[in-house]
$ cat start_20.pdb   # PDB, C-alpha atoms
ATOM      1  CA  MET U  15     211.993  13.354-155.404
ATOM      2  CA  ARG U  16     213.475  11.140-152.686
ATOM      3  CA  ASP U  17     216.511  13.400-152.328
ATOM      4  CA  LEU U  18     214.288  16.487-152.045
ATOM      5  CA  GLY U  19     212.123  14.804-149.416
ATOM      6  CA  GLU U  20     215.081  13.734-147.308
ATOM      7  CA  GLN U  21     216.618  17.190-147.642
ATOM      8  CA  ALA U  22     213.363  18.790-146.483
ATOM      9  CA  GLU U  23     213.148  16.387-143.533
ATOM     10  CA  ARG U  24     216.600  17.489-142.356
ATOM     11  CA  SER U  25     216.155  21.198-143.082
ATOM     12  CA  GLU U  26     216.337  24.043-140.580
ATOM     13  CA  TRP U  27     213.157  25.645-141.956
ATOM     14  CA  LEU U  28     211.223  22.536-140.952
ATOM     15  CA  ASP U  29     212.503  22.950-137.385
ATOM     16  CA  HIS U  30     211.057  26.483-137.300
ATOM     17  CA  ALA U  31     207.775  25.256-138.793
ATOM     18  CA  VAL U  32     207.506  22.453-136.210
ATOM     19  CA  ARG U  33     208.180  24.869-133.343
ATOM     20  CA  LEU U  34     205.373  27.181-134.463
ATOM     21  CA  GLY U  35     203.057  24.232-134.954
ATOM     22  CA  LEU U  36     203.789  22.844-131.492
ATOM     23  CA  VAL U  37     203.005  26.213-129.911
ATOM     24  CA  ALA U  38     199.670  26.221-131.736
ATOM     25  CA  TYR U  39     199.009  22.655-130.597
ATOM     26  CA  GLY U  40     199.799  23.709-127.043
ATOM     27  CA  VAL U  41     197.290  26.558-127.286
ATOM     28  CA  VAL U  42     194.613  24.066-128.366
ATOM     29  CA  HIS U  43     195.281  21.981-125.253
ATOM     30  CA  VAL U  44     195.264  25.047-122.983
ATOM     31  CA  LEU U  45     191.768  25.798-124.273
ATOM     32  CA  LEU U  46     190.629  22.176-123.991
ATOM     33  CA  GLY U  47     191.875  22.076-120.406
ATOM     34  CA  TYR U  48     190.021  25.310-119.639
ATOM     35  CA  LEU U  49     186.765  23.914-121.059
ATOM     36  CA  CYS U  50     187.176  20.712-119.020
ATOM     37  CA  VAL U  51     187.651  22.710-115.825
ATOM     38  CA  GLN U  52     184.607  24.837-116.683
ATOM     39  CA  LEU U  53     182.564  21.660-117.147
ATOM     40  CA  ALA U  54     183.753  20.411-113.772
ATOM     41  CA  LEU U  55     182.689  23.699-112.170
ATOM     42  CA  GLY U  56     179.182  23.407-113.568
ATOM     43  CA  GLY U  57     179.438  24.982-117.015
ATOM     44  CA  ALA U  58     177.041  22.520-118.666
ATOM     45  CA  ASN U  59     176.954  24.497-121.916
ATOM     46  CA  GLU U  60     180.695  24.277-122.487
ATOM     47  CA  ASP U  61     181.798  22.215-125.509
ATOM     48  CA  ALA U  62     185.036  20.485-124.512
ATOM     49  CA  SER U  63     186.068  19.662-128.070
ATOM     50  CA  THR U  64     188.482  21.030-130.624
ATOM     51  CA  GLN U  65     185.700  23.031-132.239
ATOM     52  CA  GLY U  66     184.606  24.303-128.828
ATOM     53  CA  ALA U  67     188.185  25.356-128.111
ATOM     54  CA  MET U  68     188.326  27.263-131.400
ATOM     55  CA  HIS U  69     185.057  29.048-130.635
ATOM     56  CA  THR U  70     186.401  30.005-127.208
ATOM     57  CA  LEU U  71     189.532  31.465-128.816
ATOM     58  CA  ALA U  72     187.468  33.251-131.473
ATOM     59  CA  ARG U  73     185.550  35.145-128.771
ATOM     60  CA  GLN U  74     188.758  36.762-127.499
ATOM     61  CA  PRO U  75     190.176  40.076-128.807
ATOM     62  CA  LEU U  76     191.563  39.448-132.300
ATOM     63  CA  GLY U  77     190.098  35.978-131.840
ATOM     64  CA  ARG U  78     189.562  35.063-135.476
ATOM     65  CA  THR U  79     193.098  36.119-136.294
ATOM     66  CA  LEU U  80     194.399  33.913-133.488
ATOM     67  CA  VAL U  81     192.283  31.009-134.743
ATOM     68  CA  GLY U  82     193.829  31.554-138.175
ATOM     69  CA  VAL U  83     197.304  31.357-136.624
ATOM     70  CA  VAL U  84     196.340  28.069-134.959
ATOM     71  CA  ALA U  85     195.107  26.775-138.326
ATOM     72  CA  LEU U  86     198.458  27.743-139.880
ATOM     73  CA  GLY U  87     200.298  25.981-137.072
ATOM     74  CA  MET U  88     198.283  22.816-137.649
ATOM     75  CA  LEU U  89     199.034  22.998-141.380
ATOM     76  CA  LEU U  90     202.746  23.198-140.615
ATOM     77  CA  LEU U  91     202.460  20.125-138.389
ATOM     78  CA  VAL U  92     200.655  18.298-141.192
ATOM     79  CA  VAL U  93     203.503  19.162-143.577
ATOM     80  CA  TRP U  94     206.042  17.927-141.020
ATOM     81  CA  ARG U  95     204.291  14.609-140.436
ATOM     82  CA  VAL U  96     203.713  14.013-144.161
ATOM     83  CA  ILE U  97     207.411  14.594-144.861
ATOM     84  CA  GLU U  98     208.284  12.371-141.906
ATOM     85  CA  ALA U  99     205.911   9.632-143.143
ATOM     86  CA  GLY U 100     207.468   9.714-146.595
ATOM     87  CA  TRP U 101     211.159  10.224-145.875
ATOM     88  CA  GLY U 102     211.739  10.269-142.121
ATOM     89  CA  HIS U 103     212.702   7.776-139.419
ATOM     90  CA  ARG U 104     215.895   6.773-141.139
ATOM     91  CA  GLY U 105     217.976   4.324-139.165
ATOM     92  CA  GLU U 106     214.960   2.965-137.251
ATOM     93  CA  GLY U 107     215.381  -0.518-138.701
ATOM     94  CA  ASP U 108     212.369  -2.767-138.177
ATOM     95  CA  ARG U 109     210.425   0.076-136.518
ATOM     96  CA  ARG U 110     210.652   2.353-139.534
ATOM     97  CA  THR U 111     207.409   1.267-141.210
ATOM     98  CA  ARG U 112     205.427   1.463-137.965
ATOM     99  CA  LYS U 113     206.780   4.915-137.172
ATOM    100  CA  ARG U 114     205.984   6.147-140.667
ATOM    101  CA  VAL U 115     202.402   4.897-140.367
ATOM    102  CA  THR U 116     202.156   6.640-136.975
ATOM    103  CA  SER U 117     203.397   9.876-138.535
ATOM    104  CA  ALA U 118     200.748   9.605-141.249
ATOM    105  CA  GLY U 119     198.063   9.073-138.605
ATOM    106  CA  LYS U 120     199.219  12.148-136.685
ATOM    107  CA  ALA U 121     199.072  14.162-139.904
ATOM    108  CA  VAL U 122     195.384  13.245-140.157
ATOM    109  CA  VAL U 123     194.758  14.326-136.539
ATOM    110  CA  TYR U 124     196.450  17.689-137.097
ATOM    111  CA  ALA U 125     194.508  18.149-140.333
ATOM    112  CA  VAL U 126     191.197  17.609-138.505
ATOM    113  CA  ILE U 127     192.125  20.195-135.869
ATOM    114  CA  GLY U 128     193.257  22.615-138.558
ATOM    115  CA  PHE U 129     190.024  22.113-140.476
ATOM    116  CA  SER U 130     188.012  22.934-137.349
ATOM    117  CA  ALA U 131     190.079  26.095-136.888
ATOM    118  CA  VAL U 132     189.556  27.154-140.502
ATOM    119  CA  LYS U 133     185.788  26.652-140.202
ATOM    120  CA  VAL U 134     185.639  28.831-137.097
ATOM    121  CA  ALA U 135     187.962  31.462-138.613
ATOM    122  CA  VAL U 136     185.681  31.905-141.633
ATOM    123  CA  GLY U 137     182.519  31.720-139.540
ATOM    124  CA  ALA U 138     181.370  28.323-140.829
ATOM    125  CA  GLY U 139     181.740  26.313-137.613
ATOM    126  CA  SER U 140     178.784  26.357-135.246
ATOM    127  CA  GLY U 141     177.051  24.137-132.745
ATOM    128  CA  ARG U 142     178.446  21.361-130.611
ATOM    129  CA  SER U 143     180.784  18.727-131.922
ATOM    130  CA  GLY U 144     179.786  15.115-132.459
ATOM    131  CA  GLY U 145     177.279  13.297-134.630
ATOM    132  CA  TRP U 146     179.838  11.326-136.639
ATOM    133  CA  THR U 147     178.855   8.025-135.005
ATOM    134  CA  ALA U 148     175.267   8.429-136.176
ATOM    135  CA  THR U 149     176.487   9.028-139.729
ATOM    136  CA  VAL U 150     178.830   6.037-139.794
ATOM    137  CA  MET U 151     176.218   3.817-138.130
ATOM    138  CA  ASP U 152     174.135   4.019-141.321
ATOM    139  CA  TRP U 153     176.997   2.703-143.465
ATOM    140  CA  PRO U 154     177.292  -0.997-144.341
ATOM    141  CA  ALA U 155     178.885  -2.671-141.288
ATOM    142  CA  GLY U 156     178.899   0.792-139.732
ATOM    143  CA  GLN U 157     178.613  -0.356-136.138
ATOM    144  CA  TRP U 158     181.693  -2.558-136.489
ATOM    145  CA  LEU U 159     183.648   0.262-138.138
ATOM    146  CA  ILE U 160     182.764   2.423-135.141
ATOM    147  CA  ALA U 161     183.853  -0.319-132.731
ATOM    148  CA  LEU U 162     187.151  -0.757-134.599
ATOM    149  CA  ALA U 163     187.710   3.008-134.529
ATOM    150  CA  GLY U 164     187.119   2.936-130.783
ATOM    151  CA  LEU U 165     189.626   0.108-130.335
ATOM    152  CA  ALA U 166     192.190   2.065-132.366
ATOM    153  CA  VAL U 167     191.672   5.112-130.141
ATOM    154  CA  LEU U 168     191.997   2.919-127.038
ATOM    155  CA  ALA U 169     195.268   1.463-128.332
ATOM    156  CA  TYR U 170     196.650   4.931-129.082
ATOM    157  CA  ALA U 171     195.510   6.210-125.672
ATOM    158  CA  ALA U 172     197.172   3.295-123.883
ATOM    159  CA  ASN U 173     200.413   3.858-125.782
ATOM    160  CA  LEU U 174     200.308   7.584-125.008
ATOM    161  CA  ALA U 175     199.850   6.880-121.298
ATOM    162  CA  ARG U 176     202.624   4.268-121.434
ATOM    163  CA  ARG U 177     205.009   6.733-123.081
ATOM    164  CA  GLY U 178     204.159   9.210-120.358
ATOM    165  CA  TRP U 179     204.592   6.802-117.456
ATOM    166  CA  THR U 180     207.919   5.466-118.760
ATOM    167  CA  GLU U 181     209.078   8.970-119.789
ATOM    168  CA  GLU U 182     209.735   7.705-123.297
ATOM    169  CA  PHE U 183     208.479  11.076-124.571
ATOM    170  CA  ALA U 184     211.771  12.595-123.371
ATOM    171  CA  GLU U 185     213.349  11.518-126.648
ATOM    172  CA  HIS U 186     211.581  14.517-128.192
ATOM    173  CA  LEU U 187     213.440  16.971-125.906
ATOM    174  CA  ASP U 188     217.086  17.892-126.299
ATOM    175  CA  ALA U 189     219.664  17.070-123.638
ATOM    176  CA  GLU U 190     219.357  20.475-121.945
ATOM    177  CA  ALA U 191     215.689  19.831-121.143
ATOM    178  CA  ARG U 192     216.384  16.431-119.562
ATOM    179  CA  THR U 193     219.094  17.335-117.053
ATOM    180  CA  GLY U 194     219.278  19.187-113.771
ATOM    181  CA  THR U 195     216.456  20.485-111.596
ATOM    182  CA  SER U 196     214.621  22.107-114.494
ATOM    183  CA  GLY U 197     214.917  18.898-116.503
ATOM    184  CA  ALA U 198     213.302  16.924-113.680
ATOM    185  CA  ALA U 199     210.422  19.416-113.601
ATOM    186  CA  PHE U 200     210.013  19.182-117.381
ATOM    187  CA  LEU U 201     209.785  15.398-117.141
ATOM    188  CA  VAL U 202     207.045  15.662-114.503
ATOM    189  CA  VAL U 203     205.072  18.036-116.727
ATOM    190  CA  GLY U 204     205.433  15.684-119.671
ATOM    191  CA  LYS U 205     204.522  12.593-117.636
ATOM    192  CA  VAL U 206     201.366  14.130-116.163
ATOM    193  CA  GLY U 207     200.351  15.563-119.526
ATOM    194  CA  HIS U 208     200.789  12.329-121.469
ATOM    195  CA  VAL U 209     199.004  10.181-118.878
ATOM    196  CA  ALA U 210     196.107  12.651-118.613
ATOM    197  CA  LYS U 211     195.717  12.914-122.367
ATOM    198  CA  GLY U 212     195.850   9.121-122.577
ATOM    199  CA  LEU U 213     193.050   8.989-119.996
ATOM    200  CA  SER U 214     190.885  11.465-121.898
ATOM    201  CA  LEU U 215     191.365   9.663-125.203
ATOM    202  CA  GLY U 216     190.757   6.350-123.452
ATOM    203  CA  LEU U 217     187.332   7.604-122.360
ATOM    204  CA  VAL U 218     186.562   8.578-125.955
ATOM    205  CA  GLY U 219     187.701   5.198-127.255
ATOM    206  CA  LEU U 220     185.736   3.248-124.644
ATOM    207  CA  LEU U 221     182.488   5.075-125.347
ATOM    208  CA  THR U 222     183.040   4.690-129.084
ATOM    209  CA  VAL U 223     183.441   0.918-128.694
ATOM    210  CA  VAL U 224     180.278   0.787-126.582
ATOM    211  CA  ALA U 225     178.407   2.779-129.237
ATOM    212  CA  GLY U 226     179.460   0.330-131.928
ATOM    213  CA  VAL U 227     178.792  -2.858-129.966
ATOM    214  CA  THR U 228     175.379  -1.694-128.714
ATOM    215  CA  HIS U 229     174.430  -0.110-132.045
ATOM    216  CA  ASP U 230     173.617   3.117-130.165
ATOM    217  CA  ALA U 231     175.216   6.198-131.745
ATOM    218  CA  ARG U 232     174.177   8.324-128.762
ATOM    219  CA  LYS U 233     176.785   6.582-126.621
ATOM    220  CA  GLY U 234     179.687   7.553-128.890
ATOM    221  CA  GLY U 235     181.287  10.792-129.991
ATOM    222  CA  GLY U 236     184.251  12.927-129.072
ATOM    223  CA  LEU U 237     185.825  14.196-125.875
ATOM    224  CA  ASP U 238     182.865  16.442-125.047
ATOM    225  CA  GLN U 239     180.405  13.536-125.105
ATOM    226  CA  ALA U 240     182.777  11.374-123.072
ATOM    227  CA  LEU U 241     183.161  14.005-120.370
ATOM    228  CA  GLN U 242     179.419  14.602-120.256
ATOM    229  CA  GLN U 243     179.051  10.892-119.465
ATOM    230  CA  VAL U 244     181.753  11.068-116.794
ATOM    231  CA  LEU U 245     179.982  13.998-115.118
ATOM    232  CA  GLN U 246     177.037  11.712-114.367
ATOM    233  CA  GLU U 247     179.205   9.353-112.306
ATOM    234  CA  PRO U 248     180.175   9.666-108.621
ATOM    235  CA  TYR U 249     183.190  11.954-108.335
ATOM    236  CA  GLY U 250     182.753  12.707-112.047
ATOM    237  CA  ARG U 251     183.415  16.426-111.650
ATOM    238  CA  ILE U 252     186.684  15.708-109.876
ATOM    239  CA  LEU U 253     187.786  13.368-112.645
ATOM    240  CA  VAL U 254     186.877  15.901-115.353
ATOM    241  CA  ALA U 255     188.831  18.580-113.493
ATOM    242  CA  VAL U 256     191.836  16.252-113.262
ATOM    243  CA  VAL U 257     191.627  15.664-117.022
ATOM    244  CA  GLY U 258     191.537  19.429-117.575
ATOM    245  CA  VAL U 259     194.606  20.076-115.429
ATOM    246  CA  GLY U 260     196.336  17.182-117.165
ATOM    247  CA  LEU U 261     195.624  18.708-120.563
ATOM    248  CA  TRP U 262     197.218  21.919-119.316
ATOM    249  CA  SER U 263     200.282  19.841-118.446
ATOM    250  CA  TYR U 264     200.273  18.392-121.951
ATOM    251  CA  ALA U 265     200.087  21.934-123.300
ATOM    252  CA  GLY U 266     203.116  22.751-121.185
ATOM    253  CA  PHE U 267     204.944  19.805-122.726
ATOM    254  CA  CYS U 268     204.087  21.091-126.224
ATOM    255  CA  PHE U 269     205.584  24.479-125.346
ATOM    256  CA  LEU U 270     208.673  22.841-123.849
ATOM    257  CA  ARG U 271     209.078  20.626-126.901
ATOM    258  CA  ALA U 272     208.865  23.693-129.118
ATOM    259  CA  ARG U 273     211.625  25.321-127.060
ATOM    260  CA  PHE U 274     213.852  22.244-126.679
ATOM    261  CA  LEU U 275     213.006  20.483-129.935
ATOM    262  CA  SER U 276     214.781  17.274-130.790
ATOM    263  CA  ARG U 277     213.572  15.570-133.988
TER     264      ARG U 277
END
$ encode --input "start_20.pdb" --output "structure tokens"
Amino acid sequence: MRDLGEQAERSEWLDHAVRLGLVAYGVVHVLLGYLCVQLALGGANEDASTQGAMHTLARQPLGRTLVGVVALGMLLLVVWRVIEAGWGHRGEGDRRTRKRVTSAGKAVVYAVIGFSAVKVAVGAGSGRSGGWTATVMDWPAGQWLIALAGLAVLAYAANLARRGWTEEFAEHLDAEARTGTSGAAFLVVGKVGHVAKGLSLGLVGLLTVVAGVTHDARKGGGLDQALQQVLQEPYGRILVAVVGVGLWSYAGFCFLRARFLSR
């Protein structure tokens, strides 16, 4: 089993699967960025969440088919990260366990996005996202679980922004994408995208922590709820628009990574 896993992790077919998955992931961020910009321009009914993005895609020509393709792409990314968590990161030394745990966590994130896409594709997804904090709040020690989840999101967001600012993400691009004038432009796209996505996730994490500490589920939720809160602040629309443009940059990085993949 170990030999098969390591062989799969090194295989060319997995490269093709990852490229398709990254394109799908980029499409999700294009849609999220669009919904953020619409919110900033006064579209109060927009749902800037993964499910909202899938509904937006579903309303386009051949929309449900496209949503199904996104779901397939997310499934391929789940397969990649599961294989990576089980047999990848060879030669990482002391960092191997941490990187494998990170890969497993990313598999969960991709699975959630894929599940949202499947629900929309089959017509089962409806309404705005959110509500999970209210559900968890009723569990034993629910408010502290919510606060811990928020802290975990904050930690991930900070690391994502750090990787963007230090250009550590460049390790995921081959040498061609890191050199010359075009390489410099690619690095700018990746830096802006990672920092902006870190900011958006940081808002989600902060509000989730506040929801847990104050025992008020209404203060928590996903990206949509976080941005709705930001809109109420001075210069909130500008900040939401900046997040949207940043998510477009992150989408650009996903497309570039698919083109210049280095695993």
$ resolve_selection --input "start_20.pdb" --expression "the PyMOL selection byres ((chain U and resi 77-81) around 8)" --output "number ranges by chain"
U: 68, 71-76, 82-85, 131-132, 134-136
$ atom_distance --input "start_20.pdb" --atom1 "CA of Tyr39 in chain U" --atom2 "CA of Thr195 in chain U"
25.9 Å
$ residues_near_point --input "start_20.pdb" --point "(187.2, 17.9, -113.2)" --cutoff "9 Å" --atoms "all atoms listed in the file" --output "list of chain:residue names"
U:Cys50, U:Val51, U:Gln52, U:Leu53, U:Ala54, U:Leu55, U:Leu245, U:Tyr249, U:Gly250, U:Arg251, U:Ile252, U:Leu253, U:Val254, U:Ala255, U:Val256, U:Val257, U:Gly258, U:Val259
$ write_last_selection --input "start_20.pdb" --atoms "C-alpha atoms" --output "compact mmCIF listing (two decimals), in the frame of the given file"
# COMPACT_ATOMS: atom_id res chain seq x y z
CA CYS U 50 187.18 20.71 -119.02
CA VAL U 51 187.65 22.71 -115.82
CA GLN U 52 184.61 24.84 -116.68
CA LEU U 53 182.56 21.66 -117.15
CA ALA U 54 183.75 20.41 -113.77
CA LEU U 55 182.69 23.70 -112.17
CA LEU U 245 179.98 14.00 -115.12
CA TYR U 249 183.19 11.95 -108.34
CA GLY U 250 182.75 12.71 -112.05
CA ARG U 251 183.42 16.43 -111.65
CA ILE U 252 186.68 15.71 -109.88
CA LEU U 253 187.79 13.37 -112.64
CA VAL U 254 186.88 15.90 -115.35
CA ALA U 255 188.83 18.58 -113.49
CA VAL U 256 191.84 16.25 -113.26
CA VAL U 257 191.63 15.66 -117.02
CA GLY U 258 191.54 19.43 -117.58
CA VAL U 259 194.61 20.08 -115.43
$ residues_around --input "start_20.pdb" --residues "range 200-205 of chain U" --least-positions-apart "2" --cutoff "7 Å" --atoms "all atoms listed in the file" --output "ChimeraX atom specification"
/U:178-179,181,191,196-198,207-209,263-264,266-267
$ atom_distance --input "start_20.pdb" --atom1 "CA of Glu98 in chain U" --atom2 "CA of Lys113 in chain U"
9.0 Å
$ closest_residue --input "start_20.pdb" --among "U:Leu45, U:Leu220, U:Ala31, U:Leu162" --to "Val93 in chain U" --atoms "only C-alpha atoms"
U:Ala31
$ axis_aligned_box --input "start_20.pdb" --around "range 248-256 of chain U" --padding-each-side "8 Å" --output "JSON"
{"center_x": 186.0, "center_y": 14.1, "center_z": -111.8, "size_x": 27.7, "size_y": 24.9, "size_z": 23.0}
$ resolve_selection --input "start_20.pdb" --expression "the PyMOL selection byres ((chain U and resi 36) around 8)" --output "JSON list (two decimals) with C-alpha atoms, keeping the file's coordinate frame"
[["chain", "number", "residue", "atom", "x", "y", "z"],
["U", 32, "VAL", "CA", 207.51, 22.45, -136.21],
["U", 33, "ARG", "CA", 208.18, 24.87, -133.34],
["U", 34, "LEU", "CA", 205.37, 27.18, -134.46],
["U", 35, "GLY", "CA", 203.06, 24.23, -134.95],
["U", 37, "VAL", "CA", 203.00, 26.21, -129.91],
["U", 38, "ALA", "CA", 199.67, 26.22, -131.74],
["U", 39, "TYR", "CA", 199.01, 22.66, -130.60],
["U", 40, "GLY", "CA", 199.80, 23.71, -127.04],
["U", 87, "GLY", "CA", 200.30, 25.98, -137.07],
["U", 91, "LEU", "CA", 202.46, 20.12, -138.39],
["U", 268, "CYS", "CA", 204.09, 21.09, -126.22],
["U", 269, "PHE", "CA", 205.58, 24.48, -125.35],
["U", 271, "ARG", "CA", 209.08, 20.63, -126.90],
["U", 272, "ALA", "CA", 208.86, 23.69, -129.12]]
